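Chemist: Below you'll find data-v1.pdb; it's PDB, C-alpha atoms and all ligand atoms.
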ATOM      1  CA  MET A  23     118.170  59.032  10.536  1.00  0.00           C
ATOM      2  CA  LYS A  24     121.626  60.675  10.191  1.00  0.00           C
ATOM      3  CA  CYS A  25     124.549  58.410   9.369  1.00  0.00           C
ATOM      4  CA  HIS A  26     127.168  58.731  12.124  1.00  0.00           C
ATOM      5  CA  ASN A  27     129.954  58.095   9.603  1.00  0.00           C
ATOM      6  CA  CYS A  28     129.182  60.457   6.683  1.00  0.00           C
ATOM      7  CA  LYS A  29     126.540  62.608   8.490  1.00  0.00           C
ATOM      8  CA  LYS A  30     124.133  62.248   5.579  1.00  0.00           C
ATOM      9  CA  GLU A  31     120.380  61.793   6.015  1.00  0.00           C
ATOM     10  CA  ASN A  32     118.827  58.340   5.449  1.00  0.00           C
ATOM     11  CA  SER A  33     115.296  57.006   5.842  1.00  0.00           C
ATOM     12  CA  ILE A  34     114.359  55.738   9.342  1.00  0.00           C
ATOM     13  CA  LYS A  35     113.644  52.293   7.860  1.00  0.00           C
ATOM     14  CA  ASP A  36     117.194  51.906   6.384  1.00  0.00           C
ATOM     15  CA  LYS A  37     119.505  49.594   8.254  1.00  0.00           C
ATOM     16  CA  PHE A  38     122.574  50.686   6.270  1.00  0.00           C
ATOM     17  CA  CYS A  39     123.589  54.145   5.047  1.00  0.00           C
ATOM     18  CA  PHE A  40     122.507  54.751   1.443  1.00  0.00           C
ATOM     19  CA  HIS A  41     125.669  56.898   0.901  1.00  0.00           C
ATOM     20  CA  CYS A  42     128.523  55.026   2.559  1.00  0.00           C
ATOM     21  CA  GLY A  43     127.070  51.662   3.660  1.00  0.00           C
ATOM     22  CA  THR A  44     127.764  51.989   7.363  1.00  0.00           C
ATOM     23  CA  SER A  45     125.346  50.067   9.599  1.00  0.00           C
ATOM     24  CA  LEU A  46     122.758  52.414  10.939  1.00  0.00           C
ATOM     25  CA  VAL A  47     121.440  49.958  13.574  1.00  0.00           C
ATOM     26  CA  GLU A  48     124.847  49.666  15.161  1.00  0.00           C
ATOM     27  CA  ALA A  49     125.188  53.418  15.069  1.00  0.00           C
ATOM     28  CA  GLU A  50     121.859  53.856  16.827  1.00  0.00           C
ATOM     29  CA  SER A  51     122.809  51.402  19.546  1.00  0.00           C
ATOM     30  CA  ASP A  52     126.166  53.176  19.825  1.00  0.00           C
ATOM     31  CA  ASN A  53     124.269  56.434  20.142  1.00  0.00           C
ATOM     32  CA  LEU A  54     122.144  54.965  22.889  1.00  0.00           C
ATOM     33  CA  ILE A  55     124.973  53.453  24.848  1.00  0.00           C
ATOM     34  CA  GLU A  56     128.033  55.604  24.131  1.00  0.00           C
ATOM     35  CA  LEU A  57     126.911  58.992  22.853  1.00  0.00           C
ATOM     36  CA  ARG A  58     124.696  59.834  25.809  1.00  0.00           C
ATOM     37  CA  PRO A  59     127.488  59.863  28.395  1.00  0.00           C
ATOM     38  CA  LYS A  60     129.665  61.788  25.860  1.00  0.00           C
ATOM     39  CA  ARG A  61     126.891  64.358  25.508  1.00  0.00           C
ATOM     40  CA  LYS A  62     126.652  64.562  29.276  1.00  0.00           C
ATOM     41  CA  THR A  63     130.399  65.125  29.501  1.00  0.00           C
ATOM     42  CA  LYS A  64     130.172  67.727  26.729  1.00  0.00           C
ATOM     43  CA  ARG A  65     127.353  69.407  28.627  1.00  0.00           C
ATOM     44  CA  LYS A  66     129.401  69.328  31.809  1.00  0.00           C
ATOM     45  CA  ILE A  67     132.385  70.837  29.989  1.00  0.00           C
ATOM     46  CA  LYS A  68     130.123  73.471  28.403  1.00  0.00           C
ATOM     47  CA  PHE A  69     128.638  74.247  31.813  1.00  0.00           C
ATOM     48  CA  ALA A  70     132.110  74.497  33.334  1.00  0.00           C
ATOM     49  CA  PHE A  71     133.217  76.813  30.533  1.00  0.00           C
ATOM     50  CA  LYS A  72     130.086  78.903  30.933  1.00  0.00           C
ATOM     51  CA  SER A  73     130.642  79.126  34.691  1.00  0.00           C
ATOM     52  CA  LEU A  74     134.291  80.017  34.175  1.00  0.00           C
ATOM     53  CA  ALA A  75     133.302  82.638  31.594  1.00  0.00           C
ATOM     54  CA  ILE A  76     130.747  84.093  33.993  1.00  0.00           C
ATOM     55  CA  VAL A  77     133.309  84.150  36.808  1.00  0.00           C
ATOM     56  CA  VAL A  78     135.863  85.825  34.516  1.00  0.00           C
ATOM     57  CA  ILE A  79     133.301  88.368  33.273  1.00  0.00           C
ATOM     58  CA  VAL A  80     132.151  89.132  36.810  1.00  0.00           C
ATOM     59  CA  GLY A  81     135.782  89.484  37.909  1.00  0.00           C
ATOM     60  CA  VAL A  82     136.612  91.786  35.012  1.00  0.00           C
ATOM     61  CA  ILE A  83     133.484  93.862  35.624  1.00  0.00           C
ATOM     62  CA  SER A  84     134.138  94.176  39.343  1.00  0.00           C
ATOM     63  CA  THR A  85     137.822  95.022  38.757  1.00  0.00           C
ATOM     64  CA  LEU A  86     136.844  97.639  36.187  1.00  0.00           C
ATOM     65  CA  SER A  87     134.191  99.102  38.467  1.00  0.00           C
ATOM     66  CA  TYR A  88     136.680  99.121  41.368  1.00  0.00           C
ATOM     67  CA  LEU A  89     139.227 100.903  39.175  1.00  0.00           C
ATOM     68  CA  LEU A  90     136.569 103.346  37.974  1.00  0.00           C
ATOM     69  CA  TYR A  91     135.428 103.929  41.551  1.00  0.00           C
ATOM     70  CA  THR A  92     138.978 104.525  42.850  1.00  0.00           C
ATOM     71  CA  SER A  93     139.809 106.839  39.925  1.00  0.00           C
ATOM     72  CA  TYR A  94     136.522 108.646  40.526  1.00  0.00           C
ATOM     73  CA  GLN A  95     137.331 108.962  44.234  1.00  0.00           C
ATOM     74  CA  SER A  96     140.875 110.173  43.537  1.00  0.00           C
ATOM     75  CA  SER A  97     139.589 112.643  40.948  1.00  0.00           C
ATOM     76  CA  LYS A  98     137.027 113.793  43.521  1.00  0.00           C
ATOM     77  CA  GLY A  99     139.844 114.227  46.058  1.00  0.00           C
ATOM     78  CA  LEU A 100     141.944 116.113  43.526  1.00  0.00           C
ATOM     79  CA  LYS A 101     138.978 118.299  42.669  1.00  0.00           C
ATOM     80  CA  ALA A 102     138.435 119.068  46.354  1.00  0.00           C
ATOM     81  CA  LYS A 103     142.138 119.862  46.803  1.00  0.00           C
ATOM     82  CA  ASN A 104     142.028 121.994  43.681  1.00  0.00           C
ATOM     83  CA  ALA A 105     138.986 123.876  44.988  1.00  0.00           C
ATOM     84  CA  GLU A 106     140.734 124.387  48.358  1.00  0.00           C
ATOM     85  CA  LEU A 107     143.880 125.692  46.669  1.00  0.00           C
ATOM     86  CA  THR A 108     141.806 127.988  44.452  1.00  0.00           C
ATOM     87  CA  LYS A 109     140.047 129.309  47.548  1.00  0.00           C
ATOM     88  CA  GLN A 110     143.374 129.874  49.320  1.00  0.00           C
ATOM     89  CA  LEU A 111     144.686 131.639  46.228  1.00  0.00           C
ATOM     90  CA  LYS A 112     141.600 133.854  46.176  1.00  0.00           C
ATOM     91  CA  ASP A 113     142.047 134.631  49.898  1.00  0.00           C
ATOM     92  CA  THR A 114     145.698 135.495  49.360  1.00  0.00           C
ATOM     93  CA  ASP A 115     144.763 137.603  46.369  1.00  0.00           C
ATOM     94  CA  SER A 116     142.128 139.543  48.307  1.00  0.00           C
ATOM     95  CA  LYS A 117     144.597 139.995  51.210  1.00  0.00           C
ATOM     96  CA  LEU A 118     147.165 141.246  48.728  1.00  0.00           C
ATOM     97  CA  GLN A 119     144.601 143.659  47.299  1.00  0.00           C
ATOM     98  CA  ASP A 120     143.748 144.872  50.818  1.00  0.00           C
ATOM     99  CA  THR A 121     147.435 145.419  51.580  1.00  0.00           C
ATOM    100  CA  SER A 122     147.884 147.163  48.240  1.00  0.00           C
ATOM    101  CA  SER A 123     144.931 149.484  48.891  1.00  0.00           C
ATOM    102  CA  GLN A 124     146.280 150.168  52.410  1.00  0.00           C
ATOM    103  CA  LEU A 125     149.652 151.000  50.874  1.00  0.00           C
ATOM    104  CA  ASN A 126     147.914 153.348  48.431  1.00  0.00           C
ATOM    105  CA  ASP A 127     146.081 155.010  51.322  1.00  0.00           C
ATOM    106  CA  SER A 128     149.358 155.438  53.220  1.00  0.00           C
ATOM    107  CA  GLN A 129     151.022 156.898  50.121  1.00  0.00           C
ATOM    108  CA  ASP A 130     148.076 159.264  49.641  1.00  0.00           C
ATOM    109  CA  ARG A 131     148.370 160.349  53.269  1.00  0.00           C
ATOM    110  CA  ILE A 132     152.143 160.800  52.910  1.00  0.00           C
ATOM    111  CA  SER A 133     151.743 162.943  49.786  1.00  0.00           C
ATOM    112  CA  GLN A 134     148.972 164.917  51.529  1.00  0.00           C
ATOM    113  CA  LEU A 135     151.282 165.518  54.519  1.00  0.00           C
ATOM    114  CA  GLU A 136     154.111 166.491  52.148  1.00  0.00           C
ATOM    115  CA  ARG A 137     151.836 168.999  50.414  1.00  0.00           C
ATOM    116  CA  GLN A 138     150.756 170.351  53.809  1.00  0.00           C
ATOM    117  CA  GLN A 139     154.405 170.554  54.854  1.00  0.00           C
ATOM    118  CA  SER A 140     155.398 172.476  51.740  1.00  0.00           C
ATOM    119  CA  ALA A 141     152.389 174.778  52.247  1.00  0.00           C
ATOM    120  CA  ASN A 142     153.473 175.328  55.854  1.00  0.00           C
ATOM    121  CA  GLN A 143     157.034 175.949  54.696  1.00  0.00           C
ATOM    122  CA  SER A 144     155.919 178.574  52.163  1.00  0.00           C
ATOM    123  CA  GLN A 145     153.755 180.160  54.870  1.00  0.00           C
ATOM    124  CA  ILE A 146     156.796 180.199  57.194  1.00  0.00           C
ATOM    125  CA  ASN A 147     158.872 181.734  54.398  1.00  0.00           C
ATOM    126  CA  SER A 148     156.321 184.457  53.743  1.00  0.00           C
ATOM    127  CA  LEU A 149     156.005 185.115  57.497  1.00  0.00           C
ATOM    128  CA  ASN A 150     159.818 185.373  57.772  1.00  0.00           C
ATOM    129  CA  PHE A 151     159.823 187.735  54.822  1.00  0.00           C
ATOM    130  CA  SER A 152     157.133 189.986  56.288  1.00  0.00           C
ATOM    131  CA  ASN A 153     158.906 189.800  59.648  1.00  0.00           C
ATOM    132  CA  SER A 154     162.150 191.016  58.107  1.00  0.00           C
ATOM    133  CA  MET A 155     160.227 193.706  56.217  1.00  0.00           C
ATOM    134  CA  GLN A 156     158.588 194.832  59.424  1.00  0.00           C
ATOM    135  CA  ARG A 157     161.984 194.799  61.146  1.00  0.00           C
ATOM    136  CA  SER A 158     163.515 196.976  58.455  1.00  0.00           C
ATOM    137  CA  ASN A 159     160.453 199.269  58.621  1.00  0.00           C
ATOM    138  CA  LEU A 160     160.881 199.389  62.374  1.00  0.00           C
ATOM    139  CA  GLY A 161     164.562 200.301  61.939  1.00  0.00           C
ATOM    140  CA  TYR A 162     163.595 202.990  59.491  1.00  0.00           C
ATOM    141  CA  GLU A 163     160.911 204.292  61.857  1.00  0.00           C
ATOM    142  CA  GLN A 164     163.371 204.232  64.732  1.00  0.00           C
ATOM    143  CA  LEU A 165     165.883 206.144  62.624  1.00  0.00           C
ATOM    144  CA  LYS A 166     163.193 208.683  61.694  1.00  0.00           C
ATOM    145  CA  ASN A 167     162.123 208.867  65.284  1.00  0.00           C
ATOM    146  CA  GLN A 168     165.707 209.531  66.334  1.00  0.00           C
ATOM    147  CA  GLU A 169     165.959 212.212  63.658  1.00  0.00           C
ATOM    148  CA  LEU A 170     162.776 213.873  64.908  1.00  0.00           C
ATOM    149  CA  GLN A 171     164.019 213.654  68.462  1.00  0.00           C
ATOM    150  CA  ASP A 172     167.272 215.278  67.380  1.00  0.00           C
ATOM    151  CA  ASN A 173     165.338 218.022  65.588  1.00  0.00           C
ATOM    152  CA  ILE A 174     163.204 218.574  68.668  1.00  0.00           C
ATOM    153  CA  ASN A 175     166.295 218.727  70.840  1.00  0.00           C
ATOM    154  CA  ALA A 176     167.964 221.146  68.397  1.00  0.00           C
ATOM    155  CA  GLN A 177     164.862 223.358  68.326  1.00  0.00           C
ATOM    156  CA  ARG A 178     164.715 223.322  72.106  1.00  0.00           C
ATOM    157  CA  TYR A 179     168.353 224.333  72.219  1.00  0.00           C
ATOM    158  CA  ASN A 180     167.716 227.146  69.729  1.00  0.00           C
ATOM    159  CA  TRP A 181     164.704 228.242  71.737  1.00  0.00           C
ATOM    160  CA  TRP A 182     166.743 228.556  74.857  1.00  0.00           C
TER     161      TRP A 182
HETATM  162 ZN    ZN A 201     126.795  56.881   5.577  1.00  0.00          ZN
END
Taking this structure as input, can you express it in the form of structure tokens?
Ligand SMILES: [Zn+2]

Modeler:
Amino acid sequence: MKCHNCKKENSIKDKFCFHCGTSLVEAESDNLIELRPKRKTKRKIKFAFKSLAIVVIVGVISTLSYLLYTSYQSSKGLKAKNAELTKQLKDTDSKLQDTSSQLNDSQDRISQLERQQSANQSQINSLNFSNSMQRSNLGYEQLKNQELQDNINAQRYNWW
């Protein structure tokens, strides 16, 4: 039997506390009449606290999971946007490379045409040169021809 005053243990047979002298019979009847409803109230309060704690924990957990979910979703969205932008960048890059290679092709063609043009020009120059040579040869031949004709005419004159 625990004394309700000093909380020390006494024998069940004792009517008064061996340590402080408080009546143990009175205490027992008090326990029977008054402590039971107090215990019930304490239990109710404990239950209410437990329920409140559970509600708070559930609320915190659901809020945290909602926050995690939304951050996950937004990170997913950002990842998707990032992937899309990367793809667009790659497309632009490949287009740029295509354009660059086309430009290189055009430049190659231009330099090829320029080389052909200079080759044609040198051919034209050499043809002009040989043409002028042939013309001067022709003039020389004509001069010679005239000379021969003159000689022939002179010989004919002498003959007659
Ligand atoms: Zn006592």

Chemist: Suppose a student applies the PyMOL selection byres (((not hetatm)) within 7 of (chain A and resi 201)) to this structure; what residues should they get, written as a list in words?

Modeler: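 After applying the PyMOL selection byres (((not hetatm)) within 7 of (chain A and resi 201)), what remains is Cys25, His26, Asn27, Cys28, Lys29, Lys30, Cys39, Phe40, His41, Cys42, Gly43 and Thr44 of chain A.
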
Chemist: For the structure shown, which residues end up in the PyMOL selection byres (((chain A and resi 34) around 10) and not hetatm)? Put them as a PyMOL selection string, please?

Modeler: chain A and resi 23-24+31-33+35-37+46

Chemist: Between atom CA of A:Lys66 and atom CA of A:Val82, what is the distance in Å, rounded to a tenth?

Modeler: 23.8 Å

Chemist: Just how far from atom CA of A:Leu100 is atom CA of A:Leu86, in Å to one decimal?

Modeler: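 According to the coordinates, atom CA of A:Leu86 and atom CA of A:Leu100 are separated by 20.5 Å.
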
Chemist: Provide an axis-aligned box for all listed atoms of stretch 65-77 of chain A, padding each side by 8 Å; report its centre and its edge lengths in Å to one decimal, as lines of an AutoDock Vina configuration file.

Modeler:
center_x = 130.8
center_y = 76.7
center_z = 32.6
size_x = 22.9
size_y = 30.8
size_z = 24.4

Chemist: Rounded to one decimal, what separation in Å do you get between atom CA of A:Ser148 and atom CA of A:Gln134?

Modeler: 21.0 Å
